[in-house]
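Undergrad: Provided herewith: structure.pdb, PDB, C-alpha atoms.
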ATOM      1  CA  SER A   1     150.901  74.696 297.320
ATOM      2  CA  GLU A   2     152.157  71.172 297.927
ATOM      3  CA  GLU A   3     149.710  68.574 299.228
ATOM      4  CA  GLN A   4     150.103  68.062 302.971
ATOM      5  CA  PHE A   5     150.028  64.776 304.875
ATOM      6  CA  TYR A   6     150.270  63.868 308.550
ATOM      7  CA  ARG A   7     151.915  61.278 310.733
ATOM      8  CA  ALA A   8     151.288  60.717 314.441
ATOM      9  CA  ARG A   9     152.623  58.783 317.408
ATOM     10  CA  PHE A  10     151.417  58.528 320.981
ATOM     11  CA  ILE A  11     154.150  59.212 323.536
ATOM     12  CA  GLU A  12     153.361  60.640 326.977
ATOM     13  CA  GLU A  13     155.913  63.442 326.763
ATOM     14  CA  TYR A  14     155.429  67.127 326.056
ATOM     15  CA  LYS A  15     158.074  67.115 323.339
ATOM     16  CA  ILE A  16     159.746  64.397 321.251
ATOM     17  CA  GLU A  17     162.599  64.412 318.748
ATOM     18  CA  LYS A  18     161.868  64.862 315.080
ATOM     19  CA  LYS A  19     163.180  61.421 314.126
ATOM     20  CA  GLU A  20     160.753  59.752 316.528
ATOM     21  CA  ILE A  21     158.019  60.559 314.030
ATOM     22  CA  PHE A  22     159.932  58.932 311.138
ATOM     23  CA  HIS A  23     159.964  55.206 310.340
ATOM     24  CA  ILE A  24     161.136  52.677 312.930
ATOM     25  CA  PRO A  25     164.950  52.410 312.863
ATOM     26  CA  LEU A  26     166.293  49.342 311.098
ATOM     27  CA  ASP A  27     168.314  48.168 314.092
ATOM     28  CA  ILE A  28     165.130  47.473 316.077
ATOM     29  CA  ARG A  29     162.928  46.398 313.175
ATOM     30  CA  PHE A  30     162.341  42.859 314.486
ATOM     31  CA  LYS A  31     161.309  44.147 317.915
ATOM     32  CA  ALA A  32     158.976  46.907 316.840
ATOM     33  CA  VAL A  33     157.417  46.027 313.455
ATOM     34  CA  SER A  34     154.491  43.587 313.443
ATOM     35  CA  ASN A  35     152.046  42.276 310.847
ATOM     36  CA  THR A  36     149.190  44.610 310.018
ATOM     37  CA  ARG A  37     147.235  45.387 306.835
ATOM     38  CA  PHE A  38     150.113  47.036 304.998
ATOM     39  CA  SER A  39     152.946  45.973 307.283
ATOM     40  CA  ILE A  40     155.201  42.930 307.290
ATOM     41  CA  ASN A  41     156.931  41.639 310.418
ATOM     42  CA  GLY A  42     160.466  43.022 310.642
ATOM     43  CA  TYR A  43     160.116  45.363 307.680
ATOM     44  CA  PRO A  44     159.575  49.038 308.613
ATOM     45  CA  CYS A  45     157.518  51.360 306.458
ATOM     46  CA  LEU A  46     156.541  54.996 306.841
ATOM     47  CA  TYR A  47     152.811  55.743 307.102
ATOM     48  CA  LEU A  48     151.063  59.026 306.363
ATOM     49  CA  SER A  49     147.415  60.080 306.594
ATOM     50  CA  ASP A  50     145.322  62.729 304.865
ATOM     51  CA  SER A  51     144.395  64.494 308.126
ATOM     52  CA  VAL A  52     145.181  64.620 311.837
ATOM     53  CA  HIS A  53     141.757  63.128 312.468
ATOM     54  CA  THR A  54     142.543  60.074 310.319
ATOM     55  CA  CYS A  55     145.787  59.618 312.276
ATOM     56  CA  TRP A  56     143.819  59.662 315.522
ATOM     57  CA  VAL A  57     141.313  57.072 314.301
ATOM     58  CA  GLU A  58     144.120  54.836 312.982
ATOM     59  CA  LEU A  59     145.712  55.005 316.442
ATOM     60  CA  ASP A  60     142.431  53.754 317.963
ATOM     61  CA  LYS A  61     141.382  57.180 319.256
ATOM     62  CA  ILE A  62     144.135  57.580 321.822
ATOM     63  CA  ASN A  63     144.418  60.488 324.258
ATOM     64  CA  LEU A  64     144.652  63.430 321.893
ATOM     65  CA  ASP A  65     146.696  65.527 324.328
ATOM     66  CA  PHE A  66     149.828  63.410 323.817
ATOM     67  CA  MET A  67     149.376  62.484 320.174
ATOM     68  CA  HIS A  68     152.451  63.999 318.535
ATOM     69  CA  VAL A  69     151.886  65.024 314.925
ATOM     70  CA  SER A  70     154.119  66.213 312.082
ATOM     71  CA  GLN A  71     153.048  67.609 308.729
ATOM     72  CA  PHE A  72     154.755  66.088 305.676
ATOM     73  CA  GLU A  73     155.150  66.972 302.032
ATOM     74  CA  PHE A  74     156.984  65.319 299.153
ATOM     75  CA  THR A  75     160.056  66.940 297.626
ATOM     76  CA  GLU A  76     159.341  65.527 294.158
ATOM     77  CA  ARG A  77     156.605  63.874 292.121
ATOM     78  CA  HIS A  78     155.640  60.649 293.799
ATOM     79  CA  ASN A  79     154.080  57.781 291.898
ATOM     80  CA  LEU A  80     151.723  55.904 294.217
ATOM     81  CA  LEU A  81     149.671  52.784 293.574
ATOM     82  CA  ASN A  82     146.195  54.232 294.132
ATOM     83  CA  LEU A  83     143.840  51.806 295.880
ATOM     84  CA  CYS A  84     141.416  54.563 296.950
ATOM     85  CA  ILE A  85     138.650  53.575 294.563
ATOM     86  CA  SER A  86     135.362  53.839 296.434
ATOM     87  CA  ASP A  87     132.787  54.723 293.769
ATOM     88  CA  LEU A  88     132.602  51.602 291.607
ATOM     89  CA  ARG A  89     128.930  52.118 290.670
ATOM     90  CA  PHE A  90     129.691  55.512 289.113
ATOM     91  CA  MET A  91     132.583  54.056 287.109
ATOM     92  CA  ILE A  92     130.469  51.189 285.763
ATOM     93  CA  GLU A  93     127.480  53.380 284.858
ATOM     94  CA  ASN A  94     129.693  55.896 283.063
ATOM     95  CA  PHE A  95     132.235  53.498 281.592
ATOM     96  CA  GLU A  96     131.336  54.112 277.941
ATOM     97  CA  SER A  97     131.340  57.893 278.251
ATOM     98  CA  CYS A  98     134.568  58.216 280.261
ATOM     99  CA  LYS A  99     136.340  54.876 279.881
ATOM    100  CA  ASN A 100     139.612  56.572 278.933
ATOM    101  CA  GLY A 101     139.699  58.276 282.297
ATOM    102  CA  TYR A 102     138.448  55.373 284.370
ATOM    103  CA  ASN A 103     140.033  52.434 282.610
ATOM    104  CA  LYS A 104     142.928  52.244 285.063
ATOM    105  CA  GLU A 105     140.604  52.576 288.053
ATOM    106  CA  ILE A 106     138.355  49.741 286.909
ATOM    107  CA  ILE A 107     141.342  47.454 286.393
ATOM    108  CA  THR A 108     142.710  48.370 289.840
ATOM    109  CA  TRP A 109     139.383  48.139 291.671
ATOM    110  CA  PRO A 110     139.595  44.403 292.550
ATOM    111  CA  LEU A 111     142.886  45.058 294.356
ATOM    112  CA  ALA A 112     141.355  48.047 296.113
ATOM    113  CA  PHE A 113     138.364  45.954 297.188
ATOM    114  CA  VAL A 114     140.328  43.030 298.663
ATOM    115  CA  SER A 115     142.701  45.460 300.375
ATOM    116  CA  SER A 116     139.849  47.223 302.159
ATOM    117  CA  VAL A 117     138.035  44.236 303.685
ATOM    118  CA  MET A 118     137.531  44.901 307.389
ATOM    119  CA  VAL A 119     138.854  42.399 309.925
ATOM    120  CA  LYS A 120     136.031  40.112 311.009
ATOM    121  CA  ASP A 121     137.566  38.604 314.143
ATOM    122  CA  ARG A 122     140.336  40.462 315.977
ATOM    123  CA  THR A 123     140.728  37.655 318.523
ATOM    124  CA  ASN A 124     142.592  35.570 315.918
ATOM    125  CA  LYS A 125     146.387  35.545 315.940
ATOM    126  CA  SER A 126     146.467  36.001 312.169
ATOM    127  CA  TYR A 127     144.140  37.905 309.858
ATOM    128  CA  PRO A 128     143.351  36.506 306.391
ATOM    129  CA  GLU A 129     142.168  40.022 305.445
ATOM    130  CA  TYR A 130     145.833  41.128 305.490
ATOM    131  CA  ILE A 131     147.194  38.527 303.043
ATOM    132  CA  ILE A 132     146.523  40.396 299.775
ATOM    133  CA  PRO A 133     147.585  43.840 301.073
ATOM    134  CA  GLN A 134     150.853  42.358 302.317
ATOM    135  CA  LEU A 135     151.492  40.691 298.948
ATOM    136  CA  ILE A 136     150.894  44.030 297.213
ATOM    137  CA  LEU A 137     153.309  45.694 299.634
ATOM    138  CA  GLN A 138     155.972  43.065 298.945
ATOM    139  CA  TRP A 139     155.671  43.811 295.223
ATOM    140  CA  VAL A 140     155.814  47.594 295.659
ATOM    141  CA  LYS A 141     158.843  47.466 297.951
ATOM    142  CA  GLN A 142     160.982  45.845 295.258
ATOM    143  CA  ASP A 143     163.673  48.207 293.977
ATOM    144  CA  LYS A 144     162.568  47.668 290.377
ATOM    145  CA  CYS A 145     158.977  48.735 291.105
ATOM    146  CA  THR A 146     158.324  52.323 289.972
ATOM    147  CA  PHE A 147     155.693  52.970 292.647
ATOM    148  CA  LYS A 148     157.087  54.741 295.697
ATOM    149  CA  GLY A 149     154.208  53.586 297.856
ATOM    150  CA  ILE A 150     150.531  52.712 298.158
ATOM    151  CA  LYS A 151     147.574  55.004 298.773
ATOM    152  CA  TYR A 152     144.689  53.140 300.418
ATOM    153  CA  LEU A 153     141.381  53.862 302.130
ATOM    154  CA  SER A 154     141.152  53.860 305.909
ATOM    155  CA  THR A 155     138.973  50.946 307.023
ATOM    156  CA  LYS A 156     138.790  52.258 310.594
ATOM    157  CA  MET A 157     137.010  55.448 309.537
ATOM    158  CA  CYS A 158     133.812  53.548 308.717
ATOM    159  CA  ASP A 159     132.791  53.461 312.376
ATOM    160  CA  ASP A 160     133.795  57.035 313.195
ATOM    161  CA  LYS A 161     130.804  59.337 313.638
ATOM    162  CA  ILE A 162     132.386  62.391 315.270
ATOM    163  CA  PHE A 163     132.226  64.641 312.227
ATOM    164  CA  HIS A 164     129.918  64.997 309.264
ATOM    165  CA  LEU A 165     132.675  63.909 306.907
ATOM    166  CA  ASN A 166     132.747  61.711 303.845
ATOM    167  CA  ASN A 167     134.622  58.924 305.615
ATOM    168  CA  ASN A 168     134.819  56.920 302.395
ATOM    169  CA  THR A 169     137.544  59.284 301.226
ATOM    170  CA  ALA A 170     139.847  59.230 304.265
ATOM    171  CA  PHE A 171     143.092  57.625 303.202
ATOM    172  CA  ASN A 172     146.561  56.584 304.278
ATOM    173  CA  ILE A 173     149.844  56.238 302.404
ATOM    174  CA  VAL A 174     152.421  53.538 303.076
ATOM    175  CA  LEU A 175     155.984  54.154 301.860
ATOM    176  CA  PRO A 176     158.163  51.025 302.011
ATOM    177  CA  LEU A 177     161.900  51.265 302.519
ATOM    178  CA  LYS A 178     163.941  50.657 299.375
ATOM    179  CA  LYS A 179     167.648  50.228 298.652
ATOM    180  CA  ILE A 180     168.603  49.716 302.280
ATOM    181  CA  SER A 181     171.644  47.883 303.626
ATOM    182  CA  ILE A 182     170.529  45.102 305.962
ATOM    183  CA  SER A 183     174.145  43.903 306.343
ATOM    184  CA  SER A 184     175.107  47.066 308.237
ATOM    185  CA  ASP A 185     175.959  46.851 311.931
ATOM    186  CA  PHE A 186     174.073  50.156 312.379
ATOM    187  CA  THR A 187     176.898  51.907 314.208
ATOM    188  CA  LEU A 188     176.192  54.961 312.057
ATOM    189  CA  GLU A 189     172.894  56.741 312.552
ATOM    190  CA  LYS A 190     172.352  57.134 308.805
ATOM    191  CA  ASP A 191     172.375  53.337 308.356
ATOM    192  CA  LYS A 192     169.292  53.008 310.558
ATOM    193  CA  TYR A 193     167.076  54.971 308.175
ATOM    194  CA  CYS A 194     166.135  54.802 304.513
ATOM    195  CA  SER A 195     168.082  57.461 302.592
ATOM    196  CA  ASN A 196     165.458  57.423 299.819
ATOM    197  CA  LEU A 197     162.717  58.463 302.256
ATOM    198  CA  VAL A 198     164.991  61.007 303.944
ATOM    199  CA  ASP A 199     165.471  62.701 300.554
ATOM    200  CA  LEU A 200     161.835  62.279 299.501
ATOM    201  CA  LEU A 201     160.138  63.968 302.466
ATOM    202  CA  LEU A 202     160.142  67.313 304.218
ATOM    203  CA  PHE A 203     158.346  67.506 307.556
ATOM    204  CA  THR A 204     157.848  69.666 310.617
ATOM    205  CA  ASP A 205     158.951  69.033 314.163
ATOM    206  CA  PRO A 206     156.279  66.969 315.943
ATOM    207  CA  PHE A 207     153.884  68.763 318.268
ATOM    208  CA  CYS A 208     151.057  67.681 320.568
ATOM    209  CA  LEU A 209     148.202  69.746 321.978
ATOM    210  CA  LYS A 210     149.573  69.630 325.533
ATOM    211  CA  HIS A 211     152.858  71.095 324.385
ATOM    212  CA  LEU A 212     151.167  73.815 322.337
ATOM    213  CA  GLU A 213     148.782  74.764 325.133
ATOM    214  CA  MET A 214     151.681  74.957 327.592
ATOM    215  CA  LEU A 215     153.716  77.248 325.321
ATOM    216  CA  ARG A 216     150.730  79.356 324.206
ATOM    217  CA  PRO A 217     152.595  81.018 321.323
ATOM    218  CA  VAL A 218     150.888  83.752 319.304
ATOM    219  CA  GLU A 219     150.648  81.375 316.346
ATOM    220  CA  TYR A 220     148.788  78.831 318.445
ATOM    221  CA  GLU A 221     146.331  81.454 319.643
ATOM    222  CA  LYS A 222     145.639  82.339 316.010
ATOM    223  CA  ALA A 223     145.118  78.671 315.138
ATOM    224  CA  ASN A 224     142.919  78.132 318.184
ATOM    225  CA  LYS A 225     140.703  81.229 317.972
ATOM    226  CA  ARG A 226     137.959  79.518 315.945
ATOM    227  CA  VAL A 227     137.879  76.330 317.989
ATOM    228  CA  ASN A 228     134.876  75.407 320.084
ATOM    229  CA  GLU A 229     136.153  75.130 323.663
ATOM    230  CA  GLU A 230     134.109  71.979 324.362
ATOM    231  CA  LEU A 231     136.263  68.913 324.862
ATOM    232  CA  ILE A 232     136.496  66.706 321.791
ATOM    233  CA  TYR A 233     135.218  63.760 323.846
ATOM    234  CA  ASP A 234     131.983  65.485 324.866
ATOM    235  CA  ALA A 235     128.866  63.534 323.922
ATOM    236  CA  THR A 236     127.663  66.327 321.654
ATOM    237  CA  SER A 237     131.022  66.933 319.967
ATOM    238  CA  TRP A 238     130.040  64.966 316.866
ATOM    239  CA  LYS A 239     127.924  67.970 315.876
ATOM    240  CA  GLN A 240     130.856  70.318 315.529
ATOM    241  CA  THR A 241     132.455  70.797 312.157
ATOM    242  CA  TYR A 242     135.989  69.663 311.491
ATOM    243  CA  ASN A 243     137.160  73.244 311.030
ATOM    244  CA  ASN A 244     136.245  73.962 314.649
ATOM    245  CA  SER A 245     137.961  70.925 316.115
ATOM    246  CA  LYS A 246     141.189  70.317 318.025
ATOM    247  CA  PHE A 247     142.402  68.309 315.044
ATOM    248  CA  LYS A 248     142.186  71.392 312.864
ATOM    249  CA  VAL A 249     144.074  73.408 315.492
ATOM    250  CA  LEU A 250     147.058  71.116 315.043
ATOM    251  CA  GLU A 251     146.807  71.272 311.265
ATOM    252  CA  ARG A 252     146.643  75.084 311.299
ATOM    253  CA  TYR A 253     149.600  75.320 313.644
ATOM    254  CA  LEU A 254     151.723  72.889 311.632
ATOM    255  CA  ASN A 255     150.998  74.957 308.523
ATOM    256  CA  LEU A 256     152.971  77.772 310.157
ATOM    257  CA  ILE A 257     156.081  75.712 310.905
ATOM    258  CA  GLU A 258     159.053  75.319 308.590
ATOM    259  CA  LYS A 259     159.659  71.859 307.175
ATOM    260  CA  GLY A 260     162.998  70.164 306.686
ATOM    261  CA  ARG A 261     164.585  66.793 306.034
ATOM    262  CA  LEU A 262     165.453  64.400 308.838
ATOM    263  CA  ASN A 263     168.758  65.230 310.531
ATOM    264  CA  LEU A 264     170.535  61.994 311.455
ATOM    265  CA  SER A 265     173.104  63.426 313.839
ATOM    266  CA  THR A 266     171.378  62.413 317.092
ATOM    267  CA  LYS A 267     170.717  59.115 318.842
ATOM    268  CA  ASN A 268     167.469  57.279 318.197
ATOM    269  CA  GLN A 269     164.971  55.922 320.685
ATOM    270  CA  ILE A 270     162.867  52.761 320.678
ATOM    271  CA  ILE A 271     159.272  53.718 320.004
ATOM    272  CA  SER A 272     156.009  52.171 318.905
ATOM    273  CA  GLU A 273     154.877  52.344 315.276
ATOM    274  CA  HIS A 274     151.589  53.709 313.902
TER     275      HIS A 274
END
I'd like the structure from this file rewritten - as structure tokens, please.
TA:
Amino acid sequence: SEEQFYRARFIEEYKIEKKEIFHIPLDIRFKAVSNTRFSINGYPCLYLSDSVHTCWVELDKINLDFMHVSQFEFTERHNLLNLCISDLRFMIENFESCKNGYNKEIITWPLAFVSSVMVKDRTNKSYPEYIIPQLILQWVKQDKCTFKGIKYLSTKMCDDKIFHLNNNTAFNIVLPLKKISISSDFTLEKDKYCSNLVDLLLFTDPFCLKHLEMLRPVEYEKANKRVNEELIYDATSWKQTYNNSKFKVLERYLNLIEKGRLNLSTKNQIISEH
């Protein structure tokens, strides 16, 4: 089966439109897109994570009840710049015996390292830790670049102790917009979104736990049957396994939903970006 990825947004509504989980529309890009590690002011990108839990941590552990999540998959082979290189010691110790397989990783590791430096002081208005990642993003977003995006380790997962997971492997994907028309007046809905990404991705309608619990469909009951009923925020919840968590409930439920491309026939809304 195709590899699955997740994208989340926090909106205090029981249900949101499918396009609200896609990238920020181009007509509001200067209002809604700010500088972050792999984000440049005024330039929208689409971000995916390897799990619902990683989405939650990246969103600073917001109220899980209203975290709307969609499951994504690619429609074709996607060439990503892989900056998820965490085991440098193994590569160095085994370089002679497997250098053909690890040559690329060793060359890429310096970029991976400088792109994963944690922010030292969040009271500053600008973060020097973001300079190199943003330069890499500017290179990848060029039309002539063959990479469709960047796969990078989550730096926020280092402090997360809820599950017994290998947090060094939690990753995100950033997909920059390419071949877009910035001269458009955006009167047409299709001009507000990147047609390349629309064609590249299939994804489910977004759902949140509050909405699922309210509907109580048979599929949700099946997804929820193995879940420990303790609240995820309970002091002892770190002991539970990921497979028995609310995060996994969402993943199981989204596995049952049909995916499709973004339909651009409806009006967009101004929303905040993950």
Undergrad: As AutoDock Vina command-line options, please: the centre and edge lengths in Å, to one decimal, of an axis-aligned box enclosing every listed atom of segment 36-47 of chain A with 6 Å added on each side.
TA:
--center_x 153.9 --center_y 48.7 --center_z 307.8 --size_x 25.2 --size_y 26.1 --size_z 17.6
Undergrad: To one decimal place in Å, what is the distance between atom CA of Ile11 of chain A and atom CA of Lys190 of chain A?
TA: 23.5 Å
Undergrad: How many Å separate atom CA of Asn196 of chain A from atom CA of Ile131 of chain A?
TA: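 Distance between the two atoms: 26.5 Å.
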Undergrad: Which residues fall under the PyMOL selection byres ((chain A and resi 176) around 6) in this file, as a ChimeraX atom specification?
TA: /A:45,141,175,177
Undergrad: Could you list, as JSON, numbers by chain, every residue within 12 Å of Lys156 of chain A, counting all atoms listed in the file and ignoring same-chain residues fewer than 6 positions away?
TA: {"A": [37, 53, 54, 55, 56, 57, 58, 59, 60, 61, 116, 117, 118, 119, 167, 168, 169, 170, 171, 172]}
Undergrad: Smallest atom-to-atom distance to Ala112 of chain A: which of A:Ile21, A:Leu254, A:Ile85, A:Ile173, using only C-alpha atoms?
TA: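 The closest residue to Ala112 of chain A is A:Ile85.
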Undergrad: I'd like the residues picked by the PyMOL selection byres ((chain A and resi 38-42) around 8) written out as a list in words, using the chain letters and numbers from the file.
TA: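 On this input, the PyMOL selection byres ((chain A and resi 38-42) around 8) captures Arg29, Phe30, Lys31, Ala32, Val33, Ser34, Asn35, Thr36, Arg37, Tyr43, Pro44, Cys45, Tyr130, Pro133, Gln134, Leu137 and Val174 of chain A.
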Undergrad: Let's have the selection written as a compact mmCIF listing (two decimals), in the frame of the given file, with C-alpha atoms.
TA:
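The resulting file, selection_27.txt, is shown below:
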# COMPACT_ATOMS: atom_id res chain seq x y z
CA ARG A 29 162.93 46.40 313.18
CA PHE A 30 162.34 42.86 314.49
CA LYS A 31 161.31 44.15 317.92
CA ALA A 32 158.98 46.91 316.84
CA VAL A 33 157.42 46.03 313.46
CA SER A 34 154.49 43.59 313.44
CA ASN A 35 152.05 42.28 310.85
CA THR A 36 149.19 44.61 310.02
CA ARG A 37 147.24 45.39 306.83
CA TYR A 43 160.12 45.36 307.68
CA PRO A 44 159.57 49.04 308.61
CA CYS A 45 157.52 51.36 306.46
CA TYR A 130 145.83 41.13 305.49
CA PRO A 133 147.58 43.84 301.07
CA GLN A 134 150.85 42.36 302.32
CA LEU A 137 153.31 45.69 299.63
CA VAL A 174 152.42 53.54 303.08
Undergrad: Counting only C-alpha atoms, which residue out of A:Ile16, A:Ala8, A:Leu201, A:Ile62 sits closest to Thr75 of chain A?
TA: A:Leu201
